[in-house]
$ cat run.csv   # CSV, C-alpha atoms
chain,number,residue,atom,x,y,z
T,905,MET,CA,153.1,-119.9,82.3
T,906,LYS,CA,150.3,-117.4,81.6
T,907,PHE,CA,147.1,-117.8,79.7
T,908,ILE,CA,143.5,-116.6,79.4
T,909,CYS,CA,140.6,-119.0,78.7
T,910,ASN,CA,136.8,-119.3,78.8
T,911,GLY,CA,135.4,-120.4,82.2
T,912,MET,CA,132.7,-122.8,80.8
T,913,ASP,CA,135.2,-124.5,78.5
T,914,LEU,CA,137.7,-125.1,81.3
T,915,SER,CA,135.1,-126.2,83.8
T,916,ASP,CA,133.8,-128.8,81.3
T,917,ALA,CA,137.3,-130.1,80.6
T,918,LEU,CA,138.1,-130.3,84.3
T,919,SER,CA,134.9,-132.2,85.2
T,920,LYS,CA,135.9,-134.9,82.7
T,921,VAL,CA,139.6,-135.0,83.5
T,922,MET,CA,139.0,-135.4,87.2
T,923,LYS,CA,137.4,-138.8,86.6
T,924,ALA,CA,141.0,-140.1,86.4
T,925,LEU,CA,141.9,-138.8,89.8
T,926,PRO,CA,142.5,-141.7,92.3
T,927,SER,CA,139.4,-142.7,94.2
T,928,LYS,CA,141.5,-143.8,97.1
T,929,LYS,CA,144.4,-142.1,98.8
T,930,SER,CA,147.6,-143.3,97.1
T,931,MET,CA,150.5,-141.3,95.9
T,932,PRO,CA,149.9,-137.6,96.8
T,933,ILE,CA,151.4,-136.4,93.5
T,934,LEU,CA,148.5,-138.2,91.6
T,935,GLU,CA,146.0,-135.9,93.3
T,936,GLY,CA,147.2,-133.2,90.9
T,937,ILE,CA,145.9,-132.0,87.5
T,938,LYS,CA,148.5,-131.0,85.0
T,939,PHE,CA,148.1,-127.8,82.9
T,940,SER,CA,150.1,-127.5,79.7
T,941,ALA,CA,149.9,-124.2,77.8
T,942,PHE,CA,151.5,-124.2,74.3
T,943,LYS,CA,150.7,-122.3,71.1
T,944,ASP,CA,146.9,-121.7,71.2
T,945,THR,CA,146.0,-124.8,73.2
T,946,LEU,CA,145.6,-125.5,76.9
T,947,THR,CA,145.9,-129.3,77.7
T,948,VAL,CA,144.6,-130.6,81.1
T,949,MET,CA,145.4,-134.1,82.2
T,950,ALA,CA,144.9,-136.4,85.2
T,951,THR,CA,145.9,-140.0,85.8
T,952,ASP,CA,145.9,-142.7,88.5
T,953,ILE,CA,148.6,-144.5,86.5
T,954,ASP,CA,146.2,-147.1,85.0
T,955,PHE,CA,143.7,-144.6,83.7
T,956,VAL,CA,144.5,-141.3,81.9
T,957,VAL,CA,142.2,-138.5,80.7
T,958,VAL,CA,143.5,-135.7,78.5
T,959,MET,CA,141.4,-132.8,77.2
T,960,LYS,CA,142.3,-129.8,75.0
T,961,ILE,CA,140.6,-126.4,74.8
T,962,ARG,CA,141.5,-123.2,73.0
T,963,ALA,CA,143.2,-120.5,75.0
T,964,ASP,CA,145.1,-117.3,74.6
T,965,ILE,CA,148.6,-118.4,75.5
T,966,ILE,CA,150.7,-115.4,76.7
T,967,LEU,CA,153.6,-117.4,78.2
T,968,GLU,CA,154.0,-121.1,77.5
T,969,GLY,CA,154.7,-123.5,80.2
T,970,GLU,CA,153.3,-126.2,82.5
T,971,VAL,CA,152.1,-126.4,86.1
T,972,LEU,CA,150.6,-129.0,88.4
T,973,VAL,CA,147.8,-128.0,90.8
T,974,PRO,CA,145.7,-129.8,93.4
T,975,GLY,CA,143.0,-131.4,91.3
T,976,ARG,CA,139.8,-131.4,93.3
T,977,THR,CA,140.5,-127.9,94.6
T,978,ILE,CA,140.9,-126.3,91.2
T,979,CYS,CA,137.9,-128.3,89.8
T,980,GLU,CA,135.6,-127.0,92.5
T,981,TYR,CA,136.9,-123.4,92.3
T,982,ILE,CA,136.6,-123.2,88.5
T,983,ARG,CA,133.1,-124.8,88.6
T,984,LYS,CA,132.0,-121.9,90.9
T,985,ILE,CA,133.3,-119.2,88.5
T,986,SER,CA,132.6,-121.1,85.3
T,987,LYS,CA,130.2,-118.4,84.1
T,988,GLU,CA,133.1,-116.0,83.6
T,989,ASN,CA,134.0,-115.5,80.0
T,990,ILE,CA,137.6,-114.5,80.8
T,991,ILE,CA,139.7,-116.2,83.4
T,992,GLU,CA,143.5,-115.4,83.6
T,993,PHE,CA,146.0,-117.9,84.9
T,994,ASP,CA,149.6,-116.8,85.9
T,995,SER,CA,152.1,-119.1,87.6
T,996,ASP,CA,155.0,-117.7,89.6
T,997,ILE,CA,157.6,-120.4,89.6
T,998,GLU,CA,159.7,-118.8,92.3
T,999,LYS,CA,156.8,-118.8,94.8
T,1000,ASP,CA,155.3,-122.1,93.6
T,1001,LYS,CA,151.9,-120.6,93.2
T,1002,LEU,CA,149.3,-120.2,90.5
T,1003,CYS,CA,147.3,-117.0,90.5
T,1004,ILE,CA,143.7,-117.2,89.0
T,1005,THR,CA,142.1,-113.9,88.2
T,1006,HIS,CA,138.6,-113.0,87.1
T,1007,CYS,CA,137.0,-109.6,87.1
T,1008,ASP,CA,138.5,-107.9,90.2
T,1009,SER,CA,138.8,-111.1,92.2
T,1010,PHE,CA,141.8,-113.5,92.5
T,1011,ILE,CA,143.0,-116.6,94.3
T,1012,TYR,CA,146.5,-118.1,94.8
T,1013,LEU,CA,146.8,-121.9,94.8
T,1014,ALA,CA,150.0,-123.7,95.8
T,1015,THR,CA,151.4,-125.7,93.0
T,1016,MET,CA,152.8,-129.2,93.2
T,1017,ASN,CA,156.2,-130.5,92.0
T,1018,ILE,CA,155.6,-131.2,88.3
T,1019,ASN,CA,158.9,-133.1,88.0
T,1020,GLU,CA,157.5,-135.8,90.2
T,1021,TYR,CA,154.4,-136.2,88.1
T,1022,PRO,CA,154.3,-139.4,86.0
T,1023,SER,CA,154.9,-139.0,82.3
T,1024,ILE,CA,152.6,-140.7,79.8
T,1025,GLU,CA,154.7,-143.3,77.8
T,1026,GLU,CA,154.2,-143.1,74.1
T,1027,GLN,CA,152.6,-146.3,72.8
T,1028,LYS,CA,152.8,-148.1,69.5
T,1029,TYR,CA,149.4,-149.6,68.8
T,1030,ASP,CA,148.7,-152.8,66.8
T,1031,MET,CA,145.2,-151.9,65.7
T,1032,GLN,CA,143.1,-148.8,65.1
T,1033,LEU,CA,139.4,-148.8,64.4
T,1034,THR,CA,136.4,-146.4,64.4
T,1035,ILE,CA,133.0,-146.9,65.9
T,1036,LYS,CA,130.1,-144.5,66.7
T,1037,GLN,CA,129.9,-143.2,70.3
T,1038,LYS,CA,126.4,-144.6,70.7
T,1039,ASP,CA,127.4,-148.0,69.5
T,1040,PHE,CA,130.3,-148.2,71.8
T,1041,LYS,CA,128.3,-146.9,74.7
T,1042,ASP,CA,125.6,-149.5,74.1
T,1043,LEU,CA,128.2,-152.2,73.9
T,1044,VAL,CA,129.5,-151.2,77.3
T,1045,ASN,CA,126.1,-150.7,79.0
T,1046,LYS,CA,124.8,-154.0,77.9
T,1047,THR,CA,127.7,-156.0,79.4
T,1048,ILE,CA,129.5,-154.2,82.3
T,1049,PHE,CA,126.7,-154.9,84.8
T,1050,ALA,CA,127.6,-158.6,84.5
T,1051,THR,CA,131.3,-158.2,85.4
T,1052,SER,CA,132.6,-159.3,88.8
T,1053,THR,CA,133.4,-157.0,91.7
T,1054,GLU,CA,135.3,-159.7,93.6
T,1055,GLU,CA,139.1,-159.7,93.8
T,1056,VAL,CA,139.6,-163.4,93.3
T,1057,ARG,CA,140.0,-163.4,89.5
T,1058,GLN,CA,141.0,-160.1,87.9
T,1059,GLN,CA,140.0,-161.1,84.4
T,1060,LEU,CA,136.3,-161.2,85.5
T,1061,LYS,CA,136.5,-157.5,86.6
T,1062,GLY,CA,136.7,-156.5,83.0
T,1063,CYS,CA,134.9,-157.0,79.7
T,1064,LEU,CA,136.4,-159.1,76.9
T,1065,ILE,CA,136.5,-156.8,73.9
T,1066,SER,CA,136.8,-158.9,70.7
T,1067,VAL,CA,137.2,-157.7,67.2
T,1068,ASN,CA,136.8,-160.1,64.3
T,1069,GLY,CA,136.1,-158.9,60.7
T,1070,LYS,CA,133.2,-156.4,60.7
T,1071,GLU,CA,132.1,-157.3,64.2
T,1072,ILE,CA,133.1,-156.0,67.6
T,1073,LYS,CA,131.9,-157.9,70.7
T,1074,SER,CA,131.9,-157.2,74.4
T,1075,VAL,CA,131.5,-160.0,77.0
T,1076,GLY,CA,131.0,-159.6,80.8
T,1077,LEU,CA,130.6,-162.5,83.3
T,1078,ASP,CA,130.9,-163.1,87.0
T,1079,GLY,CA,130.4,-166.8,87.2
T,1080,TYR,CA,126.7,-166.6,87.8
T,1081,ARG,CA,125.6,-164.7,84.7
T,1082,LEU,CA,126.9,-163.8,81.3
T,1083,ALA,CA,126.3,-160.8,79.0
T,1084,ILE,CA,127.3,-160.5,75.4
T,1085,CYS,CA,126.7,-157.6,73.0
T,1086,ASN,CA,127.6,-157.4,69.3
T,1087,LYS,CA,128.0,-154.4,67.0
T,1088,GLU,CA,128.8,-154.1,63.4
T,1089,LEU,CA,131.8,-152.1,62.3
T,1090,ASP,CA,132.2,-150.0,59.1
T,1091,LYS,CA,134.8,-152.3,57.5
T,1092,GLU,CA,136.9,-155.5,58.0
T,1093,TYR,CA,139.4,-155.6,60.8
T,1094,PRO,CA,141.9,-158.3,61.9
T,1095,SER,CA,141.1,-160.4,64.9
T,1096,LYS,CA,142.0,-159.0,68.3
T,1097,GLU,CA,141.0,-159.7,71.9
T,1098,ILE,CA,141.6,-157.6,75.0
T,1099,ILE,CA,140.2,-157.4,78.6
T,1100,VAL,CA,139.3,-153.8,79.6
T,1101,PRO,CA,138.6,-153.0,83.2
T,1102,ALA,CA,134.8,-152.4,83.7
T,1103,LYS,CA,135.5,-149.2,85.7
T,1104,SER,CA,137.4,-147.8,82.8
T,1105,LEU,CA,134.7,-148.6,80.3
T,1106,SER,CA,132.1,-147.1,82.5
T,1107,GLU,CA,134.0,-143.8,82.8
T,1108,ILE,CA,134.8,-143.6,79.1
T,1109,SER,CA,131.2,-144.1,78.1
T,1110,LYS,CA,130.1,-141.3,80.5
T,1111,LEU,CA,132.3,-138.8,78.6
T,1112,PHE,CA,130.5,-139.1,75.3
T,1113,GLU,CA,128.3,-136.1,74.4
T,1114,ASP,CA,127.5,-136.4,70.6
T,1115,GLU,CA,126.6,-140.0,70.2
T,1116,GLU,CA,126.5,-139.7,66.4
T,1117,ASN,CA,130.2,-138.8,66.3
T,1118,GLU,CA,132.8,-141.5,65.9
T,1119,ILE,CA,135.5,-142.5,68.3
T,1120,THR,CA,138.9,-144.0,67.4
T,1121,LEU,CA,140.1,-147.0,69.4
T,1122,ASN,CA,143.9,-147.7,69.4
T,1123,ILE,CA,144.8,-151.0,70.9
T,1124,ASN,CA,147.9,-153.0,71.8
T,1125,ASP,CA,148.4,-155.8,74.3
T,1126,LYS,CA,148.8,-153.5,77.3
T,1127,LYS,CA,146.8,-150.4,76.6
T,1128,MET,CA,143.6,-149.1,74.9
T,1129,CYS,CA,143.5,-145.4,73.8
T,1130,VAL,CA,140.1,-143.9,73.0
T,1131,GLU,CA,140.1,-140.6,71.0
T,1132,PHE,CA,137.1,-138.4,70.3
T,1133,ASP,CA,136.4,-134.7,69.9
T,1134,ASN,CA,139.3,-133.0,71.9
T,1135,THR,CA,139.6,-135.9,74.3
T,1136,LYS,CA,142.0,-138.7,74.8
T,1137,VAL,CA,141.5,-141.5,77.3
T,1138,ILE,CA,144.1,-144.2,77.9
T,1139,THR,CA,143.4,-147.3,80.1
T,1140,SER,CA,145.6,-150.2,81.1
T,1141,LEU,CA,144.3,-153.6,80.1
T,1142,ILE,CA,143.9,-156.7,82.3
T,1143,ALA,CA,146.4,-159.4,81.6
T,1144,GLY,CA,145.6,-163.1,81.4
T,1145,GLN,CA,143.1,-165.3,79.6
T,1146,PHE,CA,139.4,-164.7,79.7
T,1147,ILE,CA,137.2,-167.6,80.7
T,1148,LYS,CA,136.1,-169.9,77.8
T,1149,TYR,CA,132.5,-169.0,78.1
T,1150,GLN,CA,131.1,-170.4,74.8
T,1151,SER,CA,130.5,-173.9,76.0
T,1152,THR,CA,128.3,-172.6,78.8
T,1153,ILE,CA,125.6,-171.4,76.4
T,1154,PRO,CA,122.9,-174.0,75.6
T,1155,THR,CA,122.1,-174.5,72.0
T,1156,THR,CA,118.9,-176.5,72.4
T,1157,PHE,CA,115.9,-175.6,74.4
T,1158,GLU,CA,112.7,-177.3,75.6
T,1159,THR,CA,110.7,-174.1,76.3
T,1160,VAL,CA,110.8,-170.7,74.5
T,1161,VAL,CA,108.9,-167.8,75.9
T,1162,THR,CA,108.2,-164.5,74.1
T,1163,VAL,CA,107.3,-161.8,76.7
T,1164,ASP,CA,106.6,-158.0,76.6
T,1165,ARG,CA,109.7,-156.5,78.0
T,1166,ALA,CA,108.0,-153.5,79.6
T,1167,SER,CA,105.4,-155.7,81.3
T,1168,LEU,CA,108.2,-158.0,82.7
T,1169,GLU,CA,110.2,-155.0,83.9
T,1170,TYR,CA,107.1,-153.5,85.6
T,1171,SER,CA,106.4,-156.8,87.4
T,1172,MET,CA,110.0,-157.3,88.4
T,1173,ASP,CA,110.2,-153.7,89.8
T,1174,LYS,CA,107.5,-154.8,92.2
T,1175,VAL,CA,108.9,-158.2,93.0
T,1176,ASP,CA,112.3,-156.7,93.7
T,1177,VAL,CA,110.8,-154.8,96.7
T,1178,ILE,CA,110.2,-158.2,98.4
T,1179,ALA,CA,113.2,-160.1,96.8
T,1180,ARG,CA,115.7,-157.7,98.3
T,1181,MET,CA,114.6,-158.9,101.8
T,1182,ASP,CA,116.1,-162.3,100.9
T,1183,LYS,CA,119.9,-162.4,100.8
T,1184,ASN,CA,119.8,-164.6,97.7
T,1185,ASN,CA,117.2,-162.3,95.9
T,1186,TYR,CA,115.3,-165.6,95.4
T,1187,ILE,CA,112.3,-165.8,93.1
T,1188,LYS,CA,110.4,-168.6,91.5
T,1189,MET,CA,109.1,-168.4,87.9
T,1190,ASP,CA,106.4,-170.8,86.6
T,1191,ILE,CA,105.6,-170.9,82.9
T,1192,LYS,CA,102.4,-172.6,82.0
T,1193,GLU,CA,99.4,-172.1,79.6
T,1194,GLY,CA,100.6,-168.8,78.0
T,1195,LYS,CA,101.4,-167.2,81.4
T,1196,MET,CA,104.5,-166.4,83.4
T,1197,THR,CA,103.9,-166.4,87.1
T,1198,ILE,CA,106.5,-164.9,89.4
T,1199,TYR,CA,106.5,-165.7,93.1
T,1200,CYS,CA,108.7,-164.4,95.9
T,1201,ASN,CA,108.3,-165.4,99.5
T,1202,THR,CA,110.2,-164.3,102.5
T,1203,THR,CA,109.7,-164.8,106.2
T,1204,THR,CA,107.7,-161.5,106.4
T,1205,SER,CA,106.2,-161.0,102.9
T,1206,ASN,CA,105.1,-162.7,99.7
T,1207,ILE,CA,104.2,-161.5,96.2
T,1208,LYS,CA,102.7,-163.0,93.0
T,1209,GLU,CA,102.9,-161.4,89.6
T,1210,VAL,CA,101.3,-162.8,86.4
T,1211,ILE,CA,102.3,-161.8,82.9
T,1212,ASN,CA,100.8,-163.0,79.6
T,1213,THR,CA,103.3,-164.6,77.2
T,1214,PHE,CA,103.5,-166.5,74.0
T,1215,THR,CA,105.0,-169.9,74.9
T,1216,SER,CA,106.2,-172.8,72.8
T,1217,GLY,CA,107.3,-176.1,74.4
T,1218,LYS,CA,106.9,-177.6,77.8
T,1219,ASP,CA,105.7,-176.1,81.0
T,1220,MET,CA,108.7,-174.9,83.1
T,1221,SER,CA,109.5,-173.9,86.6
T,1222,VAL,CA,112.8,-172.3,87.6
T,1223,ASN,CA,114.3,-170.4,90.5
T,1224,LEU,CA,116.3,-167.2,89.8
T,1225,ASN,CA,118.2,-164.4,91.4
T,1226,ALA,CA,115.8,-161.4,91.0
T,1227,LYS,CA,118.6,-158.9,90.6
T,1228,TYR,CA,120.2,-160.8,87.8
T,1229,LEU,CA,117.0,-160.9,85.8
T,1230,THR,CA,116.2,-157.2,86.5
T,1231,ASP,CA,119.7,-156.2,85.3
T,1232,CYS,CA,119.2,-157.9,82.0
T,1233,ILE,CA,115.7,-156.5,81.4
T,1234,LYS,CA,116.8,-152.9,82.2
T,1235,ASN,CA,119.6,-153.1,79.7
T,1236,THR,CA,117.4,-153.9,76.7
T,1237,GLN,CA,115.2,-151.6,74.7
T,1238,ASP,CA,113.3,-154.2,72.7
T,1239,GLU,CA,109.5,-154.3,72.8
T,1240,TYR,CA,109.6,-158.1,73.1
T,1241,ILE,CA,112.4,-160.4,74.3
T,1242,SER,CA,112.8,-164.2,74.2
T,1243,MET,CA,113.5,-166.3,77.2
T,1244,LYS,CA,114.8,-169.8,76.5
T,1245,PHE,CA,114.9,-172.8,78.9
T,1246,LEU,CA,116.3,-176.4,78.7
T,1247,ASN,CA,115.3,-177.5,82.2
T,1248,SER,CA,115.0,-176.1,85.7
T,1249,ASN,CA,118.7,-176.6,86.4
T,1250,SER,CA,120.1,-175.3,83.1
T,1251,PRO,CA,121.1,-171.7,82.3
T,1252,ILE,CA,118.3,-169.3,81.1
T,1253,VAL,CA,119.1,-167.5,77.9
T,1254,ILE,CA,117.6,-164.1,77.0
T,1255,THR,CA,117.9,-162.7,73.5
T,1256,PRO,CA,116.1,-160.2,71.2
T,1257,ILE,CA,113.4,-161.6,68.9
T,1258,GLU,CA,114.8,-160.5,65.6
T,1259,SER,CA,118.6,-160.1,65.9
T,1260,ASN,CA,121.7,-161.5,67.6
T,1261,GLU,CA,122.8,-158.1,69.0
T,1262,TYR,CA,122.9,-159.3,72.6
T,1263,LEU,CA,122.6,-162.5,74.7
T,1264,TYR,CA,122.2,-162.8,78.4
T,1265,LEU,CA,122.6,-166.0,80.4
T,1266,ILE,CA,121.6,-166.5,84.0
T,1267,LEU,CA,122.4,-169.6,86.1
T,1268,PRO,CA,119.3,-170.8,88.0
T,1269,ILE,CA,119.2,-171.3,91.8
T,1270,ARG,CA,119.0,-175.0,92.7
T,1271,SER,CA,115.6,-176.0,94.1
T,1272,ARG,CA,115.3,-175.8,97.8
$ encode --input "run.csv" --output "structure tokens"
Amino acid sequence: MKFICNGMDLSDALSKVMKALPSKKSMPILEGIKFSAFKDTLTVMATDIDFVVVMKIRADIILEGEVLVPGRTICEYIRKISKENIIEFDSDIEKDKLCITHCDSFIYLATMNINEYPSIEEQKYDMQLTIKQKDFKDLVNKTIFATSTEEVRQQLKGCLISVNGKEIKSVGLDGYRLAICNKELDKEYPSKEIIVPAKSLSEISKLFEDEENEITLNINDKKMCVEFDNTKVITSLIAGQFIKYQSTIPTTFETVVTVDRASLEYSMDKVDVIARMDKNNYIKMDIKEGKMTIYCNTTTSNIKEVINTFTSGKDMSVNLNAKYLTDCIKNTQDEYISMKFLNSNSPIVITPIESNEYLYLILPIRSR
């Protein structure tokens, strides 16, 4: 294999592909990145079996072929020489090495046995849909923070992605909080539900560069393939049934509070400094006479924050996990948000004022 390519193009491709390299030591062969040079295209690929990233760039292919090289080593080296407009690659199969030349400098890297590298099985997909990068990214960011990091129930380590008609929905929950985000699609699609690992969704959303561009989602019962620009990402799905969360959302409320989101975020940033001292991140929230008062007391410190609100209904007092509330606030951009309460022991529901784009639910901490 022999080809010439632009350093910046290759460095950019490798920085994205390396996200699929295993984070933990597993099979040594998976530490490699595969280079495939055919026609006028160089394809680079990495996988940890469950997650695959493939990128294509233009290259001057002199001799077609494929080679597998140590992933992190070549990513680091190409990053250091990425300003070079012309980098030449030449693999000598007999010596099992790849020669990389730029200007008058060169390096030889030992290659890996490409025959041991896992092949990507061709998939037949049940559904294909398109959505803007910014909408998919927002869908992900507004829900993955609520997914579980525990190993007990795998389904909660992912987001439920649900398609129904002209709506796509993402749901994340961990047993203590719930996050739902809805986006409108360009046309009607049949109903489909899958559970996508939160880690995969996070890495996919980080790859987006032009948020106005569309992505294509290809879905079956085991895989989701995301295609955009010159990039393809394939992730395995989580098997099993997602928790029936709908019945946990209250439909009637005794108290509804409209609050300036920025003011609440500012106050919670200060409260968090103290709340983190308590292992439960415990805060108390009192709602009375058009004001929201937030208290946090630990053995060494206490803090009080007061925020003006518009309140309808009864006075309310509730105990919350500060981190859960902060996570919700930081993942909204609205000027005002609505906080809804049934009683001090029922879930708190947070929504935008003028739409149903998202809904957050937090279980209160029982009075102590």
$ residues_around --input "run.csv" --residues "Lys928 in chain T" --least-positions-apart "5" --cutoff "12 Å" --atoms "only C-alpha atoms" --output "list in words"
Leu934, Glu935 and Asp952 of chain T
$ atom_distance --input "run.csv" --atom1 "CA of Phe1214 in chain T" --atom2 "CA of Glu1193 in chain T"
8.9 Å
$ residues_around --input "run.csv" --residues "Val956 in chain T" --least-positions-apart "3" --cutoff "7 Å" --atoms "all atoms listed in the file" --output "list in words"
Ala924, Ala950, Thr951, Asp952, Ile953, Val1137, Ile1138 and Thr1139 of chain T
$ write_last_selection --input "run.csv" --atoms "C-alpha atoms" --output "PDB file, keeping the file's coordinate frame"
ATOM      1  CA  ALA T 924     141.000-140.100  86.400  1.00  0.00           C
ATOM      2  CA  ALA T 950     144.900-136.400  85.200  1.00  0.00           C
ATOM      3  CA  THR T 951     145.900-140.000  85.800  1.00  0.00           C
ATOM      4  CA  ASP T 952     145.900-142.700  88.500  1.00  0.00           C
ATOM      5  CA  ILE T 953     148.600-144.500  86.500  1.00  0.00           C
ATOM      6  CA  VAL T1137     141.500-141.500  77.300  1.00  0.00           C
ATOM      7  CA  ILE T1138     144.100-144.200  77.900  1.00  0.00           C
ATOM      8  CA  THR T1139     143.400-147.300  80.100  1.00  0.00           C
TER       9      THR T1139
END
$ residues_around --input "run.csv" --residues "range 1027-1029 of chain T" --least-positions-apart "6" --cutoff "9 Å" --atoms "only C-alpha atoms" --output "MDAnalysis selection string"
chainID T and resid 1122:1125 1127:1129
$ closest_residue --input "run.csv" --among "T:Ile1018, T:Ile1147, T:Ile1198, T:Leu914" --to "Asp1173 in chain T" --atoms "only C-alpha atoms"
T:Ile1198
$ residues_around --input "run.csv" --residues "range 971-978 of chain T" --least-positions-apart "2" --cutoff "6 Å" --atoms "only C-alpha atoms" --output "ChimeraX atom specification"
/T:935-939,980-982,1015-1016,1018
$ closest_atom_pairs --input "run.csv" --of "range 1002-1120 of chain T" --to "range 1258-1272 of chain T" --cutoff "9 Å" --atoms "all atoms listed in the file" --output "JSON lines"
{"residue": "T:Leu1043", "atom": "CA", "partner": "T:Tyr1262", "partner_atom": "CA", "distance": 9.0}
{"residue": "T:Lys1046", "atom": "CA", "partner": "T:Tyr1262", "partner_atom": "CA", "distance": 7.7}
{"residue": "T:Thr1047", "atom": "CA", "partner": "T:Tyr1264", "partner_atom": "CA", "distance": 8.8}
{"residue": "T:Gly1079", "atom": "CA", "partner": "T:Leu1267", "partner_atom": "CA", "distance": 8.5}
{"residue": "T:Tyr1080", "atom": "CA", "partner": "T:Leu1267", "partner_atom": "CA", "distance": 5.5}
{"residue": "T:Arg1081", "atom": "CA", "partner": "T:Ile1266", "partner_atom": "CA", "distance": 4.4}
{"residue": "T:Leu1082", "atom": "CA", "partner": "T:Leu1265", "partner_atom": "CA", "distance": 4.9}
{"residue": "T:Ala1083", "atom": "CA", "partner": "T:Tyr1264", "partner_atom": "CA", "distance": 4.6}
{"residue": "T:Ile1084", "atom": "CA", "partner": "T:Leu1263", "partner_atom": "CA", "distance": 5.2}
{"residue": "T:Cys1085", "atom": "CA", "partner": "T:Tyr1262", "partner_atom": "CA", "distance": 4.2}
{"residue": "T:Asn1086", "atom": "CA", "partner": "T:Glu1261", "partner_atom": "CA", "distance": 4.9}
{"residue": "T:Lys1087", "atom": "CA", "partner": "T:Glu1261", "partner_atom": "CA", "distance": 6.7}
$ closest_residue --input "run.csv" --among "T:Asp1164, T:Glu1116, T:Asp994, T:Asp954" --to "Ile908 in chain T" --atoms "all atoms listed in the file"
T:Asp994
$ atom_distance --input "run.csv" --atom1 "CA of Asp1219 in chain T" --atom2 "CA of Ser1248 in chain T"
10.4 Å
$ residues_around --input "run.csv" --residues "Ile965 in chain T" --least-positions-apart "5" --cutoff "12 Å" --atoms "all atoms listed in the file" --output "list in words"
Met905, Lys906, Phe907, Ile908, Cys909, Phe939, Ser940, Ala941, Phe942, Lys943, Asp944, Thr945, Leu946, Thr947, Glu970, Glu992, Phe993 and Asp994 of chain T
$ residues_near_point --input "run.csv" --point "(137.6, -153.5, 59.8)" --cutoff "6 Å" --atoms "all atoms listed in the file" --output "count of residues only"
5
$ atom_distance --input "run.csv" --atom1 "CA of Asn1068 in chain T" --atom2 "CA of Thr1034 in chain T"
13.7 Å
$ closest_residue --input "run.csv" --among "T:Asp1030, T:Ala917, T:Leu1064, T:Glu1020" --to "Pro1094 in chain T" --atoms "all atoms listed in the file"
T:Asp1030
$ closest_residue --input "run.csv" --among "T:Arg962, T:Lys1244, T:Lys1208, T:Lys1136" --to "Asp1176 in chain T" --atoms "all atoms listed in the file"
T:Lys1208
$ closest_residue --input "run.csv" --among "T:Val957, T:Leu1077, T:Cys1007, T:Ile1142" --to "Ser919 in chain T" --atoms "all atoms listed in the file"
T:Val957
$ closest_residue --input "run.csv" --among "T:Leu1105, T:Cys1200, T:Val1177, T:Cys1063" --to "Gly1076 in chain T" --atoms "only C-alpha atoms"
T:Cys1063
